[in-house]
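Next up, data.tsv (TSV, C-alpha atoms and all ligand atoms):
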```tsv
chain	number	residue	atom	x	y	z
A	1	MET	CA	55.34	20.83	244.28
A	2	ARG	CA	57.31	17.60	244.50
A	3	GLN	CA	54.66	15.82	242.49
A	4	ILE	CA	55.00	18.40	239.79
A	5	VAL	CA	58.73	17.81	239.82
A	6	ALA	CA	58.20	14.05	239.53
A	7	LEU	CA	55.80	14.54	236.66
A	8	CYS	CA	58.20	16.82	234.81
A	9	VAL	CA	60.91	14.23	235.24
A	10	ALA	CA	58.70	11.49	233.85
A	11	LEU	CA	57.81	13.63	230.85
A	12	THR	CA	61.41	14.56	230.30
A	13	VAL	CA	62.41	10.93	230.20
A	14	ALA	CA	59.55	10.01	227.92
A	15	GLY	CA	60.64	12.74	225.55
A	16	GLY	CA	64.19	11.46	225.58
A	17	LEU	CA	65.51	14.86	226.54
A	18	ALA	CA	68.38	15.84	228.77
A	19	ALA	CA	68.33	14.95	232.45
A	20	PRO	CA	66.85	17.46	234.87
A	21	ALA	CA	68.96	18.73	237.74
A	22	TRP	CA	67.68	19.99	241.00
A	23	GLY	CA	70.06	20.72	243.80
A	24	TRP	CA	70.22	21.40	247.47
A	25	HIS	CA	67.10	23.29	248.36
A	26	PRO	CA	68.08	27.01	248.01
A	27	VAL	CA	68.52	26.96	251.77
A	28	GLY	CA	71.28	24.35	251.50
A	29	HIS	CA	73.14	26.52	249.01
A	30	ARG	CA	72.75	29.53	251.28
A	31	ILE	CA	74.07	27.69	254.34
A	32	ILE	CA	77.20	26.62	252.44
A	33	ALA	CA	77.69	30.15	251.09
A	34	ALA	CA	77.24	31.73	254.53
A	35	MET	CA	79.75	29.39	256.12
A	36	ALA	CA	82.25	29.94	253.29
A	37	TYR	CA	81.87	33.73	253.30
A	38	ASP	CA	82.49	33.99	257.04
A	39	GLN	CA	85.85	32.25	256.67
A	40	LEU	CA	87.24	34.44	253.90
A	41	PRO	CA	90.24	36.58	254.80
A	42	LYS	CA	89.36	40.27	254.84
A	43	LYS	CA	91.16	41.01	251.59
A	44	THR	CA	89.53	38.16	249.69
A	45	ARG	CA	86.14	39.07	251.10
A	46	ALA	CA	86.55	42.62	249.83
A	47	ARG	CA	87.48	41.33	246.37
A	48	VAL	CA	84.58	38.90	246.34
A	49	ASP	CA	82.20	41.73	247.29
A	50	GLU	CA	83.61	43.87	244.50
A	51	VAL	CA	83.33	41.11	241.87
A	52	ILE	CA	79.77	40.12	242.78
A	53	ARG	CA	78.61	43.74	242.74
A	54	LYS	CA	79.26	43.73	238.96
A	55	HIS	CA	76.62	41.04	238.47
A	56	PRO	CA	73.60	42.51	236.62
A	57	ASP	CA	71.27	40.74	239.09
A	58	TYR	CA	72.98	42.20	242.17
A	59	GLY	CA	69.76	44.07	242.95
A	60	LYS	CA	67.95	40.73	243.20
A	61	PHE	CA	70.60	39.32	245.51
A	62	THR	CA	69.95	42.12	247.99
A	63	GLU	CA	66.18	42.32	247.59
A	64	GLY	CA	64.50	42.48	250.98
A	65	VAL	CA	67.81	42.55	252.84
A	66	ARG	CA	68.07	45.29	255.45
A	67	GLY	CA	71.17	46.42	257.27
A	68	ASP	CA	74.50	48.15	256.80
A	69	ALA	CA	76.80	47.76	253.78
A	70	LYS	CA	78.63	44.80	255.32
A	71	HIS	CA	75.41	42.95	256.00
A	72	MET	CA	74.15	43.66	252.46
A	73	ALA	CA	77.37	42.37	250.88
A	74	ARG	CA	77.29	39.16	252.92
A	75	TRP	CA	73.67	38.42	252.03
A	76	ALA	CA	74.24	39.27	248.36
A	77	PHE	CA	76.84	36.50	248.31
A	78	ILE	CA	74.53	34.11	250.14
A	79	HIS	CA	71.57	34.75	247.85
A	80	ALA	CA	73.73	34.61	244.71
A	81	ALA	CA	74.42	30.96	245.53
A	82	ALA	CA	70.98	29.97	244.21
A	83	TRP	CA	71.06	32.16	241.06
A	84	ALA	CA	71.90	29.25	238.76
A	85	ASP	CA	68.73	27.47	239.90
A	86	ASP	CA	66.65	30.67	239.85
A	87	ILE	CA	67.33	31.24	236.13
A	88	LYS	CA	65.68	27.89	235.31
A	89	GLY	CA	62.39	29.79	235.63
A	90	ASP	CA	63.63	33.14	234.31
A	91	GLU	CA	62.30	34.12	230.88
A	92	ARG	CA	65.41	36.10	230.03
A	93	PHE	CA	67.25	32.77	229.79
A	94	TRP	CA	66.58	29.71	227.63
A	95	ASP	CA	67.04	26.00	228.13
A	96	ASP	CA	69.80	25.05	225.74
A	97	THR	CA	69.32	21.34	226.53
A	98	ARG	CA	65.92	21.24	224.84
A	99	ARG	CA	65.92	20.45	221.17
A	100	ASP	CA	62.93	22.68	220.47
A	101	ALA	CA	64.15	25.65	222.53
A	102	LYS	CA	64.48	29.10	221.03
A	103	ALA	CA	67.34	31.35	222.06
A	104	THR	CA	66.34	34.47	223.97
A	105	ARG	CA	67.57	37.98	223.28
A	106	ALA	CA	71.15	38.75	224.32
A	107	LEU	CA	71.31	41.08	227.30
A	108	GLN	CA	74.46	42.95	228.14
A	109	PRO	CA	76.68	42.20	229.98
A	110	PHE	CA	75.72	38.50	230.22
A	111	PRO	CA	78.12	36.53	228.02
A	112	GLU	CA	75.24	34.20	227.05
A	113	MET	CA	71.62	33.59	227.93
A	114	LYS	CA	71.71	29.80	228.25
A	115	ARG	CA	70.37	28.19	231.42
A	116	HIS	CA	73.03	25.48	231.26
A	117	THR	CA	70.92	23.05	233.25
A	118	ASN	CA	73.50	20.32	232.61
A	119	TRP	CA	76.29	22.20	234.42
A	120	HIS	CA	74.74	21.37	237.81
A	121	TYR	CA	75.69	17.71	237.94
A	122	VAL	CA	77.70	14.92	236.37
A	123	ASN	CA	76.21	11.55	235.57
A	124	LEU	CA	78.75	8.99	236.73
A	125	TYR	CA	76.93	5.72	236.17
A	126	PHE	CA	76.83	2.53	238.18
A	127	SER	CA	74.64	-0.53	238.18
A	128	PRO	CA	73.93	-3.04	240.92
A	129	ASP	CA	72.78	-5.66	238.37
A	130	GLY	CA	75.32	-5.38	235.60
A	131	SER	CA	73.20	-3.20	233.29
A	132	PRO	CA	75.35	-1.67	230.55
A	133	LEU	CA	76.65	1.79	231.46
A	134	PRO	CA	76.42	4.63	228.94
A	135	LYS	CA	79.13	7.22	228.49
A	136	THR	CA	78.99	10.22	230.84
A	137	PRO	CA	77.42	13.11	228.87
A	138	GLU	CA	79.17	16.43	228.47
A	139	PRO	CA	79.17	19.27	229.30
A	140	SER	CA	78.76	18.60	233.00
A	141	ALA	CA	79.85	19.96	236.36
A	142	LYS	CA	83.05	18.01	235.82
A	143	THR	CA	83.92	19.81	232.57
A	144	GLN	CA	82.71	23.24	233.75
A	145	LEU	CA	83.97	23.64	237.32
A	146	PRO	CA	87.62	24.07	236.26
A	147	LYS	CA	86.49	26.75	233.76
A	148	MET	CA	84.52	28.60	236.44
A	149	ILE	CA	87.54	28.60	238.74
A	150	ALA	CA	89.87	29.72	235.95
A	151	GLY	CA	87.42	32.50	235.03
A	152	LEU	CA	87.30	34.03	238.51
A	153	THR	CA	90.06	36.51	237.84
A	154	GLY	CA	88.97	37.46	234.32
A	155	GLU	CA	86.71	40.18	233.03
A	156	LEU	CA	83.66	37.94	233.52
A	157	GLY	CA	84.69	37.04	237.06
A	158	TRP	CA	81.19	37.94	238.35
A	159	TYR	CA	79.63	35.39	235.97
A	160	HIS	CA	82.03	32.60	236.88
A	161	LEU	CA	81.92	33.37	240.61
A	162	VAL	CA	78.14	33.07	240.81
A	163	TRP	CA	78.18	29.83	238.81
A	164	LEU	CA	80.99	28.41	240.95
A	165	LEU	CA	79.18	29.36	244.14
A	166	HIS	CA	76.28	27.23	243.05
A	167	VAL	CA	77.78	24.24	241.26
A	168	GLU	CA	80.48	23.69	243.87
A	169	GLY	CA	77.65	23.32	246.38
A	170	ASP	CA	75.63	21.10	244.04
A	171	ILE	CA	78.31	18.50	243.54
A	172	HIS	CA	78.76	18.15	247.30
A	173	GLN	CA	75.20	16.82	247.25
A	174	PRO	CA	76.19	13.25	246.40
A	175	MET	CA	73.17	12.69	244.12
A	176	HIS	CA	74.67	15.25	241.71
A	177	CYS	CA	77.57	12.92	240.96
A	178	VAL	CA	75.71	9.72	240.20
A	179	SER	CA	73.08	7.93	238.15
A	180	ARG	CA	72.01	4.36	238.78
A	181	LEU	CA	70.94	1.90	236.11
A	182	THR	CA	68.96	-1.27	236.72
A	183	LYS	CA	66.83	-3.53	234.56
A	184	HIS	CA	63.82	-2.23	236.48
A	185	ILE	CA	63.94	1.45	235.57
A	186	VAL	CA	62.89	1.69	231.94
A	187	ASP	CA	61.62	4.36	229.59
A	188	ARG	CA	58.31	4.11	227.72
A	189	ALA	CA	59.88	1.94	225.07
A	190	GLY	CA	60.93	-0.50	227.81
A	191	LYS	CA	64.59	0.37	227.40
A	192	PRO	CA	66.63	0.58	230.65
A	193	THR	CA	67.34	4.18	231.53
A	194	SER	CA	69.35	5.81	234.27
A	195	ASP	CA	67.51	7.11	237.32
A	196	LEU	CA	68.75	10.64	236.54
A	197	GLY	CA	70.62	11.27	239.74
A	198	GLY	CA	67.95	9.51	241.79
A	199	ASN	CA	65.09	11.58	240.32
A	200	LEU	CA	63.49	8.35	239.06
A	201	THR	CA	64.24	6.27	242.17
A	202	VAL	CA	60.96	6.17	244.08
A	203	VAL	CA	61.12	6.53	247.86
A	204	ASP	CA	58.32	5.52	250.17
A	205	GLY	CA	56.92	8.53	252.03
A	206	TYR	CA	58.77	11.01	249.79
A	207	THR	CA	58.89	11.52	246.06
A	208	ASN	CA	62.31	10.36	244.97
A	209	LEU	CA	65.82	9.80	246.23
A	210	HIS	CA	67.22	12.99	244.74
A	211	ALA	CA	64.63	15.10	246.55
A	212	VAL	CA	65.30	13.29	249.83
A	213	TRP	CA	68.94	14.36	249.66
A	214	ASP	CA	68.21	17.88	248.39
A	215	ASP	CA	66.23	18.66	251.52
A	216	LEU	CA	68.56	17.21	254.15
A	217	LEU	CA	70.07	20.57	255.09
A	218	GLY	CA	66.64	22.01	255.80
A	219	VAL	CA	64.03	24.05	253.98
A	220	THR	CA	63.49	26.99	256.36
A	221	ARG	CA	64.31	30.12	254.39
A	222	ASP	CA	64.78	32.75	257.09
A	223	GLU	CA	68.13	34.37	257.76
A	224	ALA	CA	68.24	33.19	261.36
A	225	TYR	CA	68.00	29.52	260.38
A	226	ILE	CA	70.72	29.84	257.75
A	227	ASP	CA	73.10	31.55	260.18
A	228	TRP	CA	72.30	29.06	262.93
A	229	MET	CA	72.93	26.06	260.69
A	230	ALA	CA	76.13	27.53	259.22
A	231	ALA	CA	77.48	28.15	262.74
A	232	ARG	CA	76.45	24.67	263.83
A	233	LEU	CA	78.19	23.01	260.90
A	234	ARG	CA	81.33	25.04	261.47
A	235	LYS	CA	81.46	23.95	265.10
A	236	ALA	CA	80.73	20.30	264.37
A	237	HIS	CA	83.16	19.94	261.44
A	238	ARG	CA	86.68	21.21	261.69
A	239	LYS	CA	88.49	22.50	258.66
A	240	PRO	CA	90.18	19.47	257.02
A	241	ALA	CA	93.95	19.43	257.54
A	242	ARG	CA	94.42	18.86	253.81
A	243	LEU	CA	91.94	20.86	251.83
A	244	SER	CA	91.40	19.51	248.33
A	245	LEU	CA	90.79	22.25	245.80
A	246	GLU	CA	90.38	19.84	242.89
A	247	PRO	CA	86.86	19.50	241.42
A	248	ASP	CA	87.68	15.97	240.19
A	249	VAL	CA	88.43	14.90	243.77
A	250	TRP	CA	85.17	16.46	245.02
A	251	ILE	CA	83.21	14.64	242.32
A	252	ASP	CA	84.86	11.25	242.93
A	253	GLU	CA	84.08	11.56	246.64
A	254	GLY	CA	80.48	12.51	245.88
A	255	PHE	CA	80.09	9.51	243.58
A	256	ALA	CA	81.44	7.09	246.22
A	257	LEU	CA	79.14	8.56	248.88
A	258	ALA	CA	76.13	8.29	246.61
A	259	ARG	CA	76.86	4.68	245.69
A	260	ASP	CA	77.75	3.58	249.24
A	261	LYS	CA	75.46	5.77	251.38
A	262	ALA	CA	72.58	7.16	249.34
A	263	TYR	CA	71.83	3.80	247.70
A	264	ALA	CA	72.83	1.84	250.81
A	265	GLY	CA	70.64	-1.16	251.45
A	266	MET	CA	68.73	-0.74	248.19
A	267	ALA	CA	68.22	-3.98	246.28
A	268	ALA	CA	68.46	-3.79	242.49
A	269	GLU	CA	64.73	-4.21	242.08
A	270	GLN	CA	63.91	-1.47	244.59
A	271	GLY	CA	63.23	2.15	243.78
A	272	THR	CA	60.33	1.61	241.40
A	273	ARG	CA	56.70	2.60	241.95
A	274	GLU	CA	55.85	-1.04	242.66
A	275	LYS	CA	58.76	-1.51	245.05
A	276	PRO	CA	59.70	1.88	246.48
A	277	PHE	CA	62.83	2.23	248.58
A	278	ARG	CA	62.07	2.35	252.30
A	279	ARG	CA	64.42	4.30	254.52
A	280	THR	CA	65.28	2.87	257.92
A	281	VAL	CA	65.98	5.05	260.95
A	282	GLY	CA	69.65	4.13	260.53
A	283	TYR	CA	69.56	5.30	256.93
A	284	GLU	CA	67.95	8.59	257.89
A	285	GLU	CA	70.54	9.27	260.58
A	286	GLU	CA	73.44	8.39	258.32
A	287	SER	CA	72.14	10.44	255.38
A	288	LEU	CA	71.76	13.48	257.63
A	289	ARG	CA	75.29	13.03	258.94
A	290	VAL	CA	76.72	12.67	255.42
A	291	ALA	CA	74.80	15.69	254.08
A	292	GLN	CA	76.00	17.93	256.90
A	293	ALA	CA	79.61	16.78	256.61
A	294	GLN	CA	79.45	17.38	252.86
A	295	ALA	CA	78.01	20.87	253.32
A	296	ALA	CA	80.81	21.77	255.73
A	297	LYS	CA	83.41	20.42	253.29
A	298	ALA	CA	81.81	22.37	250.45
A	299	ALA	CA	82.09	25.57	252.49
A	300	TYR	CA	85.73	25.01	253.45
A	301	ARG	CA	86.67	24.16	249.89
A	302	LEU	CA	84.77	27.08	248.37
A	303	ALA	CA	86.48	29.47	250.79
A	304	GLY	CA	89.79	27.75	249.93
A	305	VAL	CA	89.39	28.25	246.18
A	306	LEU	CA	88.29	31.87	246.54
A	307	THR	CA	91.15	32.64	248.92
A	308	GLU	CA	93.65	31.15	246.50
A	309	LYS	CA	92.30	32.91	243.42
A	310	LEU	CA	91.20	36.27	244.83
A	311	ARG	CA	93.95	37.30	247.16
B	1	ZN	ZN	71.78	23.29	240.96
```

Will you turn the file into structure tokens for me?
Amino acid sequence: MRQIVALCVALTVAGGLAAPAWGWHPVGHRIIAAMAYDQLPKKTRARVDEVIRKHPDYGKFTEGVRGDAKHMARWAFIHAAAWADDIKGDERFWDDTRRDAKATRALQPFPEMKRHTNWHYVNLYFSPDGSPLPKTPEPSAKTQLPKMIAGLTGELGWYHLVWLLHVEGDIHQPMHCVSRLTKHIVDRAGKPTSDLGGNLTVVDGYTNLHAVWDDLLGVTRDEAYIDWMAARLRKAHRKPARLSLEPDVWIDEGFALARDKAYAGMAAEQGTREKPFRRTVGYEEESLRVAQAQAAKAAYRLAGVLTEKLR
């Protein structure tokens, strides 16, 4: 599976197309959503339940879920957190970042059928060897998150809520806020290219740096694991005294963590197939700590935004 991902990435780069975006494993998104949902005040929770029920894919969010109405509503929210990734393989939707893509048929009540694969991340560039930095492409998570938040109370609140649920989680995965350029990562024409959020940075014993970070919250899909991890994170990380509800702040933090932690100890020439990055035990421990702290923050902030907007 990972090899397929790596291959797709290589082909994408060779074709000069838009950057791919993966994200926390769906389990990571679900843990953040579960922790956020459990903190919502009763009134907000009821409004959130009501908004999400209008989503045309609500039936999918509750597929296989058994229990009373409360349980169903909670798991609908949790499963909805991965919808934006799920539609990447859904034929009803089309990849608007591909030059040769054909638009699919409009389906009511979706406002559009685009997959918006470039809404999941923002490429803030840096280089350890002074390689020239391109301009950050748009649209991105940075341009879209404020729109999702603003849209929560509108007629398409269900659309914006489900996008926000996902992308807010994504950008707390530090590799969604960064792309690294070195002289050593080049496209087929030999031109330096960004590592696409770590997708092209090769890691020994894994595929790439982006995938390493995607999986840090775990990959066990069952409900019990998600609840256990959400409870564990909530216990280990207190709600921050000052809760930032600004996407730009979240993104800047993610970028700094990526640069200083995810690429920590990586020499400029490392991360290629010839010289893959090797994680130390210290790196593994620190990356796990950062990923868990970020997931907890994502949950507190998501609950904070929803509480403010859907009173
Ligand atoms: Zn994503």

Can you work out which residues are within 10 Å of ligand ZN 1 (chain B), considering only C-alpha atoms and all ligand atoms, and then hand them over as an NGL selection string? :A and (20-26 or 29 or 81-86 or 88 or 117-121 or 141 or 163 or 166-171 or 173 or 176 or 214)

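Take atom CA of Leu161 of chain A and atom CA of Ile52 of chain A: the distance between them is 7.4 Å.
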
Polymer residues at most 9 Å from Ala236 of chain A, all atoms listed in the file, same-chain spacing of 5 or more positions, as a list in words:
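Residues meeting the cut-off are Ala231, Ala293 and Ala296 of chain A.
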
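You can rank A:Ile185, A:Ala73, A:Leu245, A:Leu164 by their closest distance to Gln144 of chain A using all atoms listed in the file, and at the top of that list sits A:Leu164.
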
In terms of all atoms listed in the file, the residue from A:Leu165, A:Gly28, A:Leu181, A:Glu286 at minimal distance from Leu152 of chain A is A:Leu165

* Close residues, Ala268 of chain A itself excluded, 10 Å, all atoms listed in the file, min 3 positions apart in chain, as a ChimeraX atom specification -> /A:127-130,180-185,263,265,271-272

Assuming the input is short of atoms at segment 41-52 of chain A, produce all heavy atoms for that part as a CSV table (one decimal), in the coordinates of the input.
```csv
chain,number,residue,atom,x,y,z
A,41,PRO,N,89.4,35.5,254.3
A,41,PRO,CA,90.2,36.6,254.8
A,41,PRO,C,89.7,37.9,254.3
A,41,PRO,O,89.1,38.0,253.3
A,41,PRO,CB,91.6,36.3,254.2
A,41,PRO,CG,91.5,35.0,253.6
A,41,PRO,CD,90.1,34.6,253.4
A,42,LYS,N,89.9,38.9,255.1
A,42,LYS,CA,89.4,40.3,254.8
A,42,LYS,C,89.6,40.7,253.4
A,42,LYS,O,88.7,41.2,252.7
A,42,LYS,CB,90.0,41.3,255.8
A,42,LYS,CG,89.0,42.2,256.4
A,42,LYS,CD,89.7,43.0,257.5
A,42,LYS,CE,89.0,44.4,257.6
A,42,LYS,NZ,89.7,45.3,258.4
A,43,LYS,N,90.8,40.5,252.9
A,43,LYS,CA,91.2,41.0,251.6
A,43,LYS,C,90.4,40.3,250.5
A,43,LYS,O,89.9,40.9,249.6
A,43,LYS,CB,92.7,40.8,251.4
A,43,LYS,CG,93.4,42.0,250.8
A,43,LYS,CD,94.8,41.8,250.8
A,43,LYS,CE,95.4,42.4,249.5
A,43,LYS,NZ,96.9,42.0,249.4
A,44,THR,N,90.3,39.0,250.7
A,44,THR,CA,89.5,38.2,249.7
A,44,THR,C,88.1,38.5,249.7
A,44,THR,O,87.4,38.6,248.7
A,44,THR,CB,89.7,36.7,250.0
A,44,THR,OG1,91.1,36.3,249.9
A,44,THR,CG2,88.9,35.8,249.0
A,45,ARG,N,87.6,38.7,250.9
A,45,ARG,CA,86.1,39.1,251.1
A,45,ARG,C,85.8,40.4,250.4
A,45,ARG,O,84.8,40.5,249.7
A,45,ARG,CB,85.8,39.2,252.6
A,45,ARG,CG,84.3,39.2,252.8
A,45,ARG,CD,84.0,39.3,254.3
A,45,ARG,NE,84.5,38.2,255.1
A,45,ARG,CZ,84.5,38.2,256.4
A,45,ARG,NH1,84.0,39.2,257.1
A,45,ARG,NH2,84.9,37.1,257.1
A,46,ALA,N,86.7,41.3,250.5
A,46,ALA,CA,86.6,42.6,249.8
A,46,ALA,C,86.6,42.4,248.3
A,46,ALA,O,85.8,43.0,247.6
A,46,ALA,CB,87.6,43.6,250.3
A,47,ARG,N,87.4,41.6,247.8
A,47,ARG,CA,87.5,41.3,246.4
A,47,ARG,C,86.2,40.6,245.9
A,47,ARG,O,85.7,40.9,244.8
A,47,ARG,CB,88.7,40.5,246.0
A,47,ARG,CG,90.0,41.4,245.9
A,47,ARG,CD,91.0,40.8,245.1
A,47,ARG,NE,90.7,40.7,243.7
A,47,ARG,CZ,91.4,40.0,242.8
A,47,ARG,NH1,92.5,39.4,243.2
A,47,ARG,NH2,91.0,40.0,241.5
A,48,VAL,N,85.8,39.6,246.7
A,48,VAL,CA,84.6,38.9,246.3
A,48,VAL,C,83.4,39.9,246.3
A,48,VAL,O,82.6,39.8,245.3
A,48,VAL,CB,84.3,37.8,247.4
A,48,VAL,CG1,82.9,37.3,247.3
A,48,VAL,CG2,85.3,36.6,247.1
A,49,ASP,N,83.3,40.7,247.3
A,49,ASP,CA,82.2,41.7,247.3
A,49,ASP,C,82.2,42.6,246.0
A,49,ASP,O,81.2,42.9,245.4
A,49,ASP,CB,82.3,42.6,248.5
A,49,ASP,CG,82.1,41.9,249.8
A,49,ASP,OD1,81.6,40.8,249.8
A,49,ASP,OD2,82.4,42.5,250.9
A,50,GLU,N,83.4,43.0,245.6
A,50,GLU,CA,83.6,43.9,244.5
A,50,GLU,C,83.2,43.1,243.2
A,50,GLU,O,82.5,43.7,242.3
A,50,GLU,CB,85.1,44.3,244.5
A,50,GLU,CG,85.5,45.3,243.5
A,50,GLU,CD,87.0,45.3,243.4
A,50,GLU,OE1,87.7,45.3,244.4
A,50,GLU,OE2,87.5,45.3,242.2
A,51,VAL,N,83.6,41.9,243.1
A,51,VAL,CA,83.3,41.1,241.9
A,51,VAL,C,81.8,40.9,241.7
A,51,VAL,O,81.2,41.1,240.7
A,51,VAL,CB,84.1,39.8,241.9
A,51,VAL,CG1,83.6,38.8,240.8
A,51,VAL,CG2,85.6,40.0,241.8
A,52,ILE,N,81.2,40.5,242.8
A,52,ILE,CA,79.8,40.1,242.8
A,52,ILE,C,78.9,41.3,242.5
A,52,ILE,O,77.8,41.3,241.9
A,52,ILE,CB,79.4,39.4,244.1
A,52,ILE,CG1,78.4,38.2,243.7
A,52,ILE,CG2,78.8,40.2,245.1
A,52,ILE,CD1,78.3,37.2,244.8
```
